[in-house]
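Colleague: I am attaching a structure below and will ask some questions about it afterwards.
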Amino acid sequence: AQMADRGDVCSHDHDCGGEDCGGSSLHGYVNHPRVSALNAQEDEAAARVIRPWDERTQTLAGDPLRSDDDDPELIVHVPFVSDVKVRGLMIIGGGGGKAPSSMKVWVNKPAGDISFDNASRRKPTQSFDLAEDLRGELEYQTDFTQFQAVSSLTLFFPSNQNGNGTTEIVFLGFRGEGTGNRRDMIVTAVYESRPMSEDHRTPAEDGAPAAIL
């Protein structure tokens, strides 16, 4: 399909002011310590590439999210600290054909529920064909009626623009609005994206047990 015919893509070659164009950034609602990825070269990279909307064109501090060398598939699970309404998503991939070429999205699936064994046959909440968008100019619009009370998103990237090899993602962004509906009573603090070293606390700071016995 030609991009001009796509109703689910909004061009971001203008200044959005951070508030319009589909709602504001949901970065503050992402439960970063619980973001997970399957088939990633580095597990922590999934949370690293989920950045504030206005940082989408800035150089990433650290390595991008990469799939294993000979396998382009990636699954990323993104939980939120409270329910959100998701209006749009943005994915900036690596150059040289490493950017993902399509994406399937599921709403409110537990971590691990979507796997490489079932992702190709499970019906997603919404599917997207992705363009190579190295400058962060395309926002993919959700079917908003299906993204009203979102506690988590599971993203499946089956391939890349090359059709093989490593898939690379440098930015994942979400736009929408909070609902104020918290699924549990554990308050998860949202820390600064660049905390000072003395701000780091114990491994249990995100509400998870420090050790599983």
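By convention here, the chains of the structure tokens are called A, B, ... in the order presented, each chain's residues are numbered starting at 1, and ligands are numbered starting at 1 in the order presented.
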Quick one: pick out all strand (DSSP E) residues within segment 63-184 of chain A from a backbone DSSP run and write them as a PyMOL selection string.
Modeller: chain A and resi 65-66+74-93+102-107+126-129+138-141+150-157+168-178
Colleague: List as a VMD selection string the protein and nucleic acid residues near segment 166-177 of chain A, meaning an atom at most 6 Å away when only C-alpha atoms are counted, but skip any in the same chain fewer than 3 places from it.
Modeller: chain A and resid 23 to 26 49 to 50 53 64 to 67 69 72 84 to 94 98 to 99 160
Colleague: Which polymer residues have any atom within 8 Å of an atom of Ala46 of chain A, counting only C-alpha atoms, with same-chain residues fewer than 2 positions away left out, as a PyMOL selection string?
Modeller: chain A and resi 35-37+42-44+48-50+65+76
Colleague: Just to be explicit: take each residue in the selection above, keep N, CA, C and O atoms, and write the result as an mmCIF file, in the first residue's frame.
Modeller:
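Okay, result11.cif is ready:
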data_model
loop_
_atom_site.group_PDB
_atom_site.id
_atom_site.type_symbol
_atom_site.label_atom_id
_atom_site.label_comp_id
_atom_site.auth_asym_id
_atom_site.auth_seq_id
_atom_site.Cartn_x
_atom_site.Cartn_y
_atom_site.Cartn_z
ATOM 1 N N VAL A 35 9.531 -3.803 31.669
ATOM 2 C CA VAL A 35 9.563 -4.001 30.219
ATOM 3 C C VAL A 35 10.443 -5.209 29.910
ATOM 4 O O VAL A 35 11.506 -5.391 30.512
ATOM 5 N N SER A 36 9.992 -6.047 28.982
ATOM 6 C CA SER A 36 10.763 -7.250 28.652
ATOM 7 C C SER A 36 10.777 -7.458 27.144
ATOM 8 O O SER A 36 9.958 -6.905 26.413
ATOM 9 N N ALA A 37 11.735 -8.269 26.701
ATOM 10 C CA ALA A 37 11.864 -8.557 25.274
ATOM 11 C C ALA A 37 12.269 -10.006 25.079
ATOM 12 O O ALA A 37 12.946 -10.593 25.923
ATOM 13 N N GLU A 42 20.259 -7.909 24.037
ATOM 14 C CA GLU A 42 20.446 -7.370 25.386
ATOM 15 C C GLU A 42 19.071 -7.065 25.967
ATOM 16 O O GLU A 42 18.335 -6.242 25.428
ATOM 17 N N ASP A 43 18.720 -7.713 27.073
ATOM 18 C CA ASP A 43 17.376 -7.565 27.638
ATOM 19 C C ASP A 43 17.073 -6.124 28.023
ATOM 20 O O ASP A 43 15.948 -5.645 27.834
ATOM 21 N N GLU A 44 18.062 -5.412 28.569
ATOM 22 C CA GLU A 44 17.808 -4.058 29.072
ATOM 23 C C GLU A 44 17.555 -3.058 27.948
ATOM 24 O O GLU A 44 17.066 -1.963 28.195
ATOM 25 N N ARG A 48 15.387 0.742 27.324
ATOM 26 C CA ARG A 48 16.228 1.886 26.953
ATOM 27 C C ARG A 48 15.664 2.652 25.763
ATOM 28 O O ARG A 48 15.770 3.879 25.704
ATOM 29 N N VAL A 49 15.079 1.932 24.803
ATOM 30 C CA VAL A 49 14.605 2.613 23.591
ATOM 31 C C VAL A 49 13.219 3.230 23.775
ATOM 32 O O VAL A 49 12.759 3.976 22.912
ATOM 33 N N ILE A 50 12.519 2.923 24.887
ATOM 34 C CA ILE A 50 11.227 3.567 25.179
ATOM 35 C C ILE A 50 11.537 4.894 25.850
ATOM 36 O O ILE A 50 11.844 4.960 27.039
ATOM 37 N N LEU A 65 17.937 -1.617 20.634
ATOM 38 C CA LEU A 65 17.338 -2.938 20.781
ATOM 39 C C LEU A 65 17.590 -3.711 19.497
ATOM 40 O O LEU A 65 17.173 -3.295 18.421
ATOM 41 N N VAL A 76 8.287 -7.424 22.222
ATOM 42 C CA VAL A 76 8.506 -6.495 23.326
ATOM 43 C C VAL A 76 7.213 -6.373 24.122
ATOM 44 O O VAL A 76 6.149 -6.108 23.551
#
Colleague: Between A:Gly112, A:Gly163, A:Gly96, A:Gly180, single out the one closest to Leu38 of chain A, counting only C-alpha atoms.
Modeller: A:Gly112
Colleague: For atom CA of Leu134 of chain A and atom CA of Trp106 of chain A, quote the distance in Å rounded to one decimal.
Modeller: 24.5 Å
Colleague: Looking at only C-alpha atoms, which of A:Phe80, A:Phe116, A:Tyr140, A:Tyr29 is the one that sits closest to Pro158 of chain A?
Modeller: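 Looking only at the distances to Pro158 of chain A, the closest residue turns out to be A:Phe116.
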